[in-house]
Amino acid sequence: MSARARQTAIAYLFLLPALVLLGVFTVYPVLVGTVLSLFDYDVLTPPRYVGLRQFQRLLADRYFWIALTNSARYVLVVPVIQLCSLLLAVAVNRPLRGIRAFRAAYYIPVITSWPVAGIVWTWMYDQQGVVNFVLRTLGVLDRPFSWLTHPSLALYAVMFVTLWKGLGWYMVIYLAGLQAVPPEYEEAAWLDGASRRQVFWRITVPLLRPYLLLGSLLSTMAAVKVFEEIYVMTRGGPFYSTYTMFMYIFDTAFEELDMGYAAALALVLAAVLLAFSAVNVRLFRHGGLEGYE
Amino acid sequence: MRADGRPRARLHPGRLTGTVLWYAGLGAGAVFTVFPLAWTLLVSLQPAGPVFSLPPDLRPWPLTAAHYRGVWETLPLPRYTLNTLLITGMGVGLTLVVCSLAAYPLARMRFPGRAAIFYGILAMLMLPEHVGLIVNFITMMRLRLVDTYAAVYLPSVASIVGIFLLRQAYLSVPRELEDAARIDGAGELTIWWRIMLPLVAPALATLAIFQFVAFWNSFLWPIIVLKSPDKYPLAAGLLYLRGLFAHNTRYIAAGTVMAGVPVIVLFVFTQRYFMRGVTAGAIR
């Protein structure tokens, strides 16, 4: 064997385990999933080809539309979470004593598992819980609410937990962005007499554009695919008011074992995700350092 | 962190007031993120009395470890802990092996198809995982792996972000070290194991920490692919127990703390790696 052929063989041997695993558990499922949406399959009996019937079924399915609406509504959390974590990043981007401890405190919810977060926040939201206590003490509420069992509040209550758990993660992204922005532009603006606020919104934020794209893209994807927080706190209730696409896919696939229909739902969700990402890229396409260099 | 002496400081006439206000804001944020967890810790340590009351009972004294003893002895917490350790250990170990093997030729060897494979792997990041979930369950059934630990960790050990992270680390190793070993007649496997791996140890540590947290905290895939609750890891087991023992809030609080604390402790000691990992993984 020539030295070159030997080198190639060795290279592929190194790659083999990863390629096999990625092939079996990452690529193959997407291909099969696409085909599966054309079949009726309940795991126990052999799959039966039904053409586009699963997709027709979707259109007349009330729960599909409820789930789709709730998933789209969940995107409301994105601007809130991005703005809050950007401000948080600015707040911790200062050479103050003990700043690392604060960064750590904001990051702790990120590394907390969803079951832990869900249990803790179910208690926080209890009728006699801390959330009601704080809001009543501040005079915002005159009587306690049962947040997670209130049909028009539950979705927003869950979103608030998404905010709590996600803040620290996006803060780290924006902190990296703030530290990568060369200080000259801001300094030039200071010298020209710009105010603090002007410098932040007119200079710093546009320079952060690539980071804002990344943050809002990741956060939009997570919002449309929201599942964990729903599963651990409301399971889609009350009265389907927090029932989202992923929740519906989960129930269809693993409770009903209606795999073909679940695959069709999953493909629709993938298309929705693609559409939302395109919107994000459009919003934040230009910016960063490109205008300056 | 930027150096001191930035114009920012000059713009603050009342500098001390500004700093105090800044700390107050930071403190309020920290209370918001930490309070729910700290309160759970307190609930798990208070001896008795109503958990939910207005105002909440925040007395830090007296405290007891009785609920921890109780939950450990009467509920299958030891079993869940063991399951978590097995799944996390196997998952992290295999991730390190698979990713450090795959990243090596992508960074250091010349062979036909290298670019295609590298960009192909990166492109897989865009595949919709939630579609994969359904088929992976069917695959596990076919492989007769449903209800085994292997089914839990196998789909996530070939981490794409991990391969990318390690490739970047290998790329920064100077060529001379490798050449010297080659002249001494070392084979590829020896070079990889003896020379490369020790030099990319920081990247390996970052990946190990991230996978540890991911496996320790995972519950969605485990509840799909494990059929018997006695094989659940802590995160999944906790949800299951909450369903059964919802009335015993202090026991569930103790279990919650046990499931959450190891990761928080790891984080406190390795904060540096976390911050580096998020930016390395998220920003390419």
# chains A, B, ... in the order shown; residues from 1 in each chain; ligands from 1

$ interface_residues --of "chain B" --to "chain A" --cutoff "7 Å" --atoms "only C-alpha atoms" --output "PyMOL selection string"
chain B and resi 1+26+30+33-34+36-37+40+52-56+98-99+101-102+105+109+111+128+130-132+134-136+155+158+213+217+235+238-239+256+260+263-264+275+279

$ write_last_selection --atoms "N, CA and C atoms" --output "compact mmCIF listing (two decimals), in the first residue's frame"
# COMPACT_ATOMS: atom_id res chain seq x y z
N MET B 1 -12.14 41.44 29.76
CA MET B 1 -12.39 42.65 30.53
C MET B 1 -11.47 43.77 30.09
N LEU B 26 -27.21 44.81 40.14
CA LEU B 26 -26.63 43.47 40.00
C LEU B 26 -27.18 42.54 41.07
N ALA B 30 -29.30 39.04 40.80
CA ALA B 30 -28.82 37.79 41.40
C ALA B 30 -29.90 37.17 42.29
N THR B 33 -32.31 35.35 39.99
CA THR B 33 -31.88 34.07 39.42
C THR B 33 -31.63 33.00 40.48
N VAL B 34 -31.20 33.42 41.68
CA VAL B 34 -30.79 32.42 42.67
C VAL B 34 -31.89 32.10 43.69
N PRO B 36 -35.14 31.26 43.72
CA PRO B 36 -35.97 30.05 43.67
C PRO B 36 -35.22 28.80 44.10
N LEU B 37 -33.94 28.72 43.73
CA LEU B 37 -33.16 27.54 44.10
C LEU B 37 -32.78 27.57 45.57
N THR B 40 -35.71 26.55 47.64
CA THR B 40 -35.90 25.10 47.64
C THR B 40 -34.94 24.42 48.62
N PHE B 52 -46.13 26.36 52.00
CA PHE B 52 -46.73 27.48 51.31
C PHE B 52 -47.53 28.31 52.30
N SER B 53 -47.06 29.51 52.53
CA SER B 53 -47.78 30.39 53.43
C SER B 53 -47.46 31.82 53.02
N LEU B 54 -48.36 32.71 53.34
CA LEU B 54 -48.13 34.13 53.06
C LEU B 54 -48.00 34.87 54.37
N PRO B 55 -46.87 35.51 54.67
CA PRO B 55 -45.63 35.50 53.87
C PRO B 55 -44.91 34.15 53.97
N PRO B 56 -44.03 33.84 53.01
CA PRO B 56 -43.31 32.57 53.06
C PRO B 56 -42.44 32.45 54.31
N VAL B 98 -14.74 9.31 21.03
CA VAL B 98 -15.25 9.42 19.65
C VAL B 98 -14.87 10.77 19.03
N CYS B 99 -15.05 11.85 19.80
CA CYS B 99 -14.79 13.18 19.23
C CYS B 99 -13.31 13.45 19.07
N LEU B 101 -10.99 11.26 18.54
CA LEU B 101 -10.53 10.45 17.40
C LEU B 101 -10.91 11.14 16.09
N ALA B 102 -12.19 11.54 15.97
CA ALA B 102 -12.67 12.07 14.69
C ALA B 102 -12.04 13.41 14.35
N PRO B 105 -7.84 13.53 12.49
CA PRO B 105 -7.51 13.58 11.05
C PRO B 105 -8.07 14.83 10.38
N MET B 109 -4.37 15.65 9.24
CA MET B 109 -3.98 14.73 8.17
C MET B 109 -4.53 15.22 6.84
N PHE B 111 -6.06 13.96 3.37
CA PHE B 111 -6.61 12.78 2.71
C PHE B 111 -7.80 13.22 1.87
N PRO B 128 -33.07 18.96 11.65
CA PRO B 128 -34.03 19.10 12.76
C PRO B 128 -33.98 17.88 13.68
N HIS B 130 -35.71 17.22 16.30
CA HIS B 130 -36.98 16.67 16.80
C HIS B 130 -37.55 15.63 15.84
N VAL B 131 -37.18 15.72 14.53
CA VAL B 131 -37.59 14.67 13.60
C VAL B 131 -36.84 13.38 13.97
N GLY B 132 -35.54 13.56 14.31
CA GLY B 132 -34.70 12.43 14.67
C GLY B 132 -35.21 11.65 15.87
N ILE B 134 -38.12 10.78 16.81
CA ILE B 134 -39.12 9.76 16.50
C ILE B 134 -38.46 8.53 15.91
N VAL B 135 -37.59 8.76 14.90
CA VAL B 135 -36.97 7.63 14.23
C VAL B 135 -35.94 6.96 15.14
N ASN B 136 -35.25 7.75 15.96
CA ASN B 136 -34.27 7.13 16.86
C ASN B 136 -34.94 6.14 17.82
N PRO B 155 -26.97 8.00 21.19
CA PRO B 155 -27.23 9.02 20.16
C PRO B 155 -26.51 10.35 20.39
N ALA B 158 -21.52 11.27 19.65
CA ALA B 158 -20.81 11.90 18.53
C ALA B 158 -21.26 13.36 18.47
N VAL B 213 -22.80 18.02 32.14
CA VAL B 213 -24.03 18.75 32.47
C VAL B 213 -25.18 18.26 31.60
N ASN B 217 -28.35 16.31 33.26
CA ASN B 217 -29.64 17.00 33.27
C ASN B 217 -30.67 16.42 32.31
N ALA B 235 -32.81 13.18 37.03
CA ALA B 235 -33.70 14.23 36.52
C ALA B 235 -35.06 13.65 36.15
N LEU B 238 -36.91 12.20 39.31
CA LEU B 238 -37.47 13.26 40.14
C LEU B 238 -38.88 13.63 39.69
N LEU B 239 -39.07 13.74 38.39
CA LEU B 239 -40.39 14.06 37.85
C LEU B 239 -41.38 12.95 38.17
N THR B 256 -34.79 17.23 44.86
CA THR B 256 -34.47 18.26 43.88
C THR B 256 -33.06 18.82 44.13
N GLY B 260 -29.79 18.65 41.73
CA GLY B 260 -29.26 19.90 41.18
C GLY B 260 -27.87 20.26 41.65
N VAL B 263 -24.14 19.48 39.76
CA VAL B 263 -23.83 20.28 38.59
C VAL B 263 -23.43 21.70 39.00
N ILE B 264 -24.13 22.23 40.02
CA ILE B 264 -23.81 23.59 40.46
C ILE B 264 -22.41 23.63 41.08
N MET B 275 -17.68 29.53 30.48
CA MET B 275 -17.76 30.75 29.70
C MET B 275 -17.06 30.53 28.36
N THR B 279 -18.98 30.27 24.29
CA THR B 279 -18.58 31.10 23.15
C THR B 279 -17.94 30.25 22.06

$ select_by_dssp --residues "region 143-244 of chain B" --states "alpha helix (DSSP H)" --output "PyMOL selection string"
chain B and resi 149-153+160-171+175-183+188-190+197-199+201-217+220-225+234-244

$ atom_distance --atom1 "CA of Leu45 (chain B)" --atom2 "CA of Arg250 (chain B)"
7.9 Å

$ residues_around --residues "Trp72 (chain B)" --least-positions-apart "4" --cutoff "12 Å" --atoms "only C-alpha atoms" --output "PyMOL selection string"
chain B and resi 65-68+76-81+251-252+254-256+258

$ write_last_selection --atoms "N, CA and C atoms" --output "compact mmCIF listing (two decimals), in the first residue's frame"
# COMPACT_ATOMS: atom_id res chain seq x y z
N ALA B 65 -31.43 17.51 58.63
CA ALA B 65 -31.12 16.71 57.44
C ALA B 65 -32.09 15.55 57.32
N ALA B 66 -33.15 15.56 58.13
CA ALA B 66 -34.06 14.41 58.21
C ALA B 66 -34.69 14.08 56.87
N HIS B 67 -35.07 15.12 56.11
CA HIS B 67 -35.74 14.84 54.83
C HIS B 67 -34.79 14.17 53.84
N TYR B 68 -33.51 14.52 53.93
CA TYR B 68 -32.52 13.89 53.05
C TYR B 68 -32.39 12.42 53.40
N PRO B 76 -36.43 5.56 45.79
CA PRO B 76 -35.29 4.96 45.07
C PRO B 76 -34.22 5.96 44.62
N LEU B 77 -33.90 6.94 45.48
CA LEU B 77 -32.89 7.93 45.12
C LEU B 77 -31.50 7.32 44.89
N PRO B 78 -31.09 6.36 45.75
CA PRO B 78 -29.76 5.76 45.50
C PRO B 78 -29.71 5.11 44.12
N ARG B 79 -30.79 4.45 43.75
CA ARG B 79 -30.87 3.79 42.46
C ARG B 79 -30.75 4.81 41.32
N TYR B 80 -31.50 5.91 41.43
CA TYR B 80 -31.45 6.95 40.40
C TYR B 80 -30.05 7.56 40.31
N THR B 81 -29.42 7.73 41.47
CA THR B 81 -28.08 8.31 41.46
C THR B 81 -27.12 7.39 40.72
N TYR B 251 -39.74 16.23 51.02
CA TYR B 251 -38.97 15.13 50.42
C TYR B 251 -38.59 15.47 48.98
N ILE B 252 -39.58 15.96 48.23
CA ILE B 252 -39.29 16.30 46.83
C ILE B 252 -38.24 17.41 46.78
N ALA B 254 -35.84 17.88 48.90
CA ALA B 254 -34.54 17.26 49.18
C ALA B 254 -34.02 16.53 47.93
N GLY B 255 -34.91 15.81 47.26
CA GLY B 255 -34.51 15.14 46.02
C GLY B 255 -34.08 16.12 44.95
N THR B 256 -34.79 17.23 44.86
CA THR B 256 -34.47 18.26 43.88
C THR B 256 -33.06 18.82 44.13
N MET B 258 -30.63 17.28 45.68
CA MET B 258 -29.63 16.25 45.35
C MET B 258 -29.38 16.17 43.85

$ atom_distance --atom1 "CA of Leu204 (chain B)" --atom2 "CA of Leu86 (chain B)"
19.8 Å

$ residues_around --residues "region 93-96 of chain B" --least-positions-apart "3" --cutoff "9 Å" --atoms "only C-alpha atoms" --output "ChimeraX atom specification"
/B:88-90,99-101,153-154,156-159,162,204,207-208,211

$ write_last_selection --atoms "N, CA and C atoms" --output "mmCIF file, in the first residue's frame"
data_model
loop_
_atom_site.group_PDB
_atom_site.id
_atom_site.type_symbol
_atom_site.label_atom_id
_atom_site.label_comp_id
_atom_site.auth_asym_id
_atom_site.auth_seq_id
_atom_site.Cartn_x
_atom_site.Cartn_y
_atom_site.Cartn_z
ATOM 1 N N THR B 88 -24.047 9.091 32.766
ATOM 2 C CA THR B 88 -23.167 10.240 32.588
ATOM 3 C C THR B 88 -21.729 9.788 32.343
ATOM 4 N N GLY B 89 -21.275 8.809 33.120
ATOM 5 C CA GLY B 89 -19.906 8.315 32.971
ATOM 6 C C GLY B 89 -19.658 7.741 31.583
ATOM 7 N N MET B 90 -20.530 6.842 31.158
ATOM 8 C CA MET B 90 -20.382 6.237 29.831
ATOM 9 C C MET B 90 -20.505 7.309 28.755
ATOM 10 N N CYS B 99 -15.055 11.849 19.795
ATOM 11 C CA CYS B 99 -14.792 13.184 19.234
ATOM 12 C C CYS B 99 -13.306 13.447 19.068
ATOM 13 N N SER B 100 -12.495 13.000 20.029
ATOM 14 C CA SER B 100 -11.071 13.308 19.886
ATOM 15 C C SER B 100 -10.461 12.460 18.776
ATOM 16 N N LEU B 101 -10.987 11.262 18.539
ATOM 17 C CA LEU B 101 -10.525 10.453 17.397
ATOM 18 C C LEU B 101 -10.911 11.142 16.089
ATOM 19 N N TYR B 153 -27.369 6.972 26.064
ATOM 20 C CA TYR B 153 -26.210 7.819 25.744
ATOM 21 C C TYR B 153 -25.738 7.702 24.295
ATOM 22 N N LEU B 154 -25.969 6.573 23.634
ATOM 23 C CA LEU B 154 -25.396 6.399 22.287
ATOM 24 C C LEU B 154 -25.711 7.529 21.298
ATOM 25 N N SER B 156 -26.030 10.638 21.607
ATOM 26 C CA SER B 156 -25.400 11.953 21.799
ATOM 27 C C SER B 156 -23.886 11.929 21.933
ATOM 28 N N VAL B 157 -23.238 10.737 21.804
ATOM 29 C CA VAL B 157 -21.789 10.750 22.049
ATOM 30 C C VAL B 157 -20.992 11.333 20.879
ATOM 31 N N ALA B 158 -21.520 11.266 19.648
ATOM 32 C CA ALA B 158 -20.808 11.897 18.532
ATOM 33 C C ALA B 158 -21.260 13.357 18.470
ATOM 34 N N SER B 159 -20.683 14.168 19.361
ATOM 35 C CA SER B 159 -21.102 15.568 19.464
ATOM 36 C C SER B 159 -20.444 16.407 18.366
ATOM 37 N N GLY B 162 -18.498 19.158 19.782
ATOM 38 C CA GLY B 162 -17.289 18.595 20.371
ATOM 39 C C GLY B 162 -16.209 18.341 19.320
ATOM 40 N N LEU B 204 -10.465 19.217 25.863
ATOM 41 C CA LEU B 204 -11.113 17.989 26.342
ATOM 42 C C LEU B 204 -11.880 18.265 27.636
ATOM 43 N N LEU B 207 -15.108 20.121 26.866
ATOM 44 C CA LEU B 207 -16.108 19.217 26.301
ATOM 45 C C LEU B 207 -16.668 18.281 27.372
ATOM 46 N N ALA B 208 -15.761 17.755 28.222
ATOM 47 C CA ALA B 208 -16.202 16.822 29.265
ATOM 48 C C ALA B 208 -17.202 17.502 30.197
ATOM 49 N N GLN B 211 -20.600 18.021 28.403
ATOM 50 C CA GLN B 211 -21.340 16.779 28.239
ATOM 51 C C GLN B 211 -21.820 16.251 29.590
#

$ atom_distance --atom1 "CA of Ala214 (chain B)" --atom2 "CA of Met159 (chain A)"
21.8 Å

$ residues_around --residues "Met245 (chain A)" --least-positions-apart "5" --cutoff "8 Å" --atoms "only C-alpha atoms" --output "NGL selection string"
:A and (64 or 67-68 or 70-71 or 224-226 or 265 or 269)

$ residues_around --residues "Val75 (chain A)" --least-positions-apart "4" --cutoff "12 Å" --atoms "only C-alpha atoms" --output "VMD selection string"
chain A and resid 68 to 71 79 to 82 155 to 156 159 162 to 163 216 to 226 244 272 to 273 276 to 277 280

$ write_last_selection --atoms "C-alpha atoms" --output "PDB file, in the first residue's frame"
ATOM      1  CA  LEU A  68     -49.065  25.741  16.039  1.00  0.00           C
ATOM      2  CA  THR A  69     -50.602  28.953  17.377  1.00  0.00           C
ATOM      3  CA  ASN A  70     -49.122  28.412  20.836  1.00  0.00           C
ATOM      4  CA  SER A  71     -45.671  27.646  19.392  1.00  0.00           C
ATOM      5  CA  PRO A  79     -37.286  39.998  22.190  1.00  0.00           C
ATOM      6  CA  VAL A  80     -37.764  40.114  25.964  1.00  0.00           C
ATOM      7  CA  ILE A  81     -35.072  37.540  26.675  1.00  0.00           C
ATOM      8  CA  GLN A  82     -32.643  39.122  24.192  1.00  0.00           C
ATOM      9  CA  LEU A 155     -48.414  30.293  28.745  1.00  0.00           C
ATOM     10  CA  TYR A 156     -46.945  33.592  29.945  1.00  0.00           C
ATOM     11  CA  MET A 159     -42.440  31.959  29.306  1.00  0.00           C
ATOM     12  CA  THR A 162     -37.880  30.310  30.037  1.00  0.00           C
ATOM     13  CA  LEU A 163     -36.606  33.847  30.583  1.00  0.00           C
ATOM     14  CA  SER A 216     -32.174  35.823  18.460  1.00  0.00           C
ATOM     15  CA  LEU A 217     -31.796  32.943  16.010  1.00  0.00           C
ATOM     16  CA  LEU A 218     -31.015  30.406  18.735  1.00  0.00           C
ATOM     17  CA  SER A 219     -33.679  31.817  20.983  1.00  0.00           C
ATOM     18  CA  THR A 220     -36.349  31.801  18.244  1.00  0.00           C
ATOM     19  CA  MET A 221     -35.575  28.183  17.385  1.00  0.00           C
ATOM     20  CA  ALA A 222     -35.790  27.229  21.053  1.00  0.00           C
ATOM     21  CA  ALA A 223     -39.089  29.119  21.452  1.00  0.00           C
ATOM     22  CA  VAL A 224     -40.786  27.484  18.447  1.00  0.00           C
ATOM     23  CA  LYS A 225     -39.556  24.068  19.622  1.00  0.00           C
ATOM     24  CA  VAL A 226     -40.440  24.730  23.261  1.00  0.00           C
ATOM     25  CA  THR A 244     -47.238  23.417  21.686  1.00  0.00           C
ATOM     26  CA  VAL A 272     -41.854  26.677  10.524  1.00  0.00           C
ATOM     27  CA  LEU A 273     -38.392  26.779  12.094  1.00  0.00           C
ATOM     28  CA  PHE A 276     -38.545  31.921  11.415  1.00  0.00           C
ATOM     29  CA  SER A 277     -34.766  31.597  10.868  1.00  0.00           C
ATOM     30  CA  ASN A 280     -34.141  36.470  11.716  1.00  0.00           C
TER      31      ASN A 280
END

$ residues_around --residues "region 116-127 of chain B" --least-positions-apart "3" --cutoff "7 Å" --atoms "only C-alpha atoms" --output "compact mmCIF listing (two decimals) with N, CA and C atoms, in the first residue's frame"
# COMPACT_ATOMS: atom_id res chain seq x y z
N LEU B 106 -9.19 15.35 10.87
CA LEU B 106 -9.77 16.55 10.25
C LEU B 106 -8.85 17.75 10.43
N GLY B 113 -11.36 13.86 0.55
CA GLY B 113 -12.67 13.89 1.20
C GLY B 113 -12.68 14.62 2.53
N ILE B 160 -21.27 17.06 17.56
CA ILE B 160 -20.73 17.85 16.45
C ILE B 160 -19.94 19.04 16.98
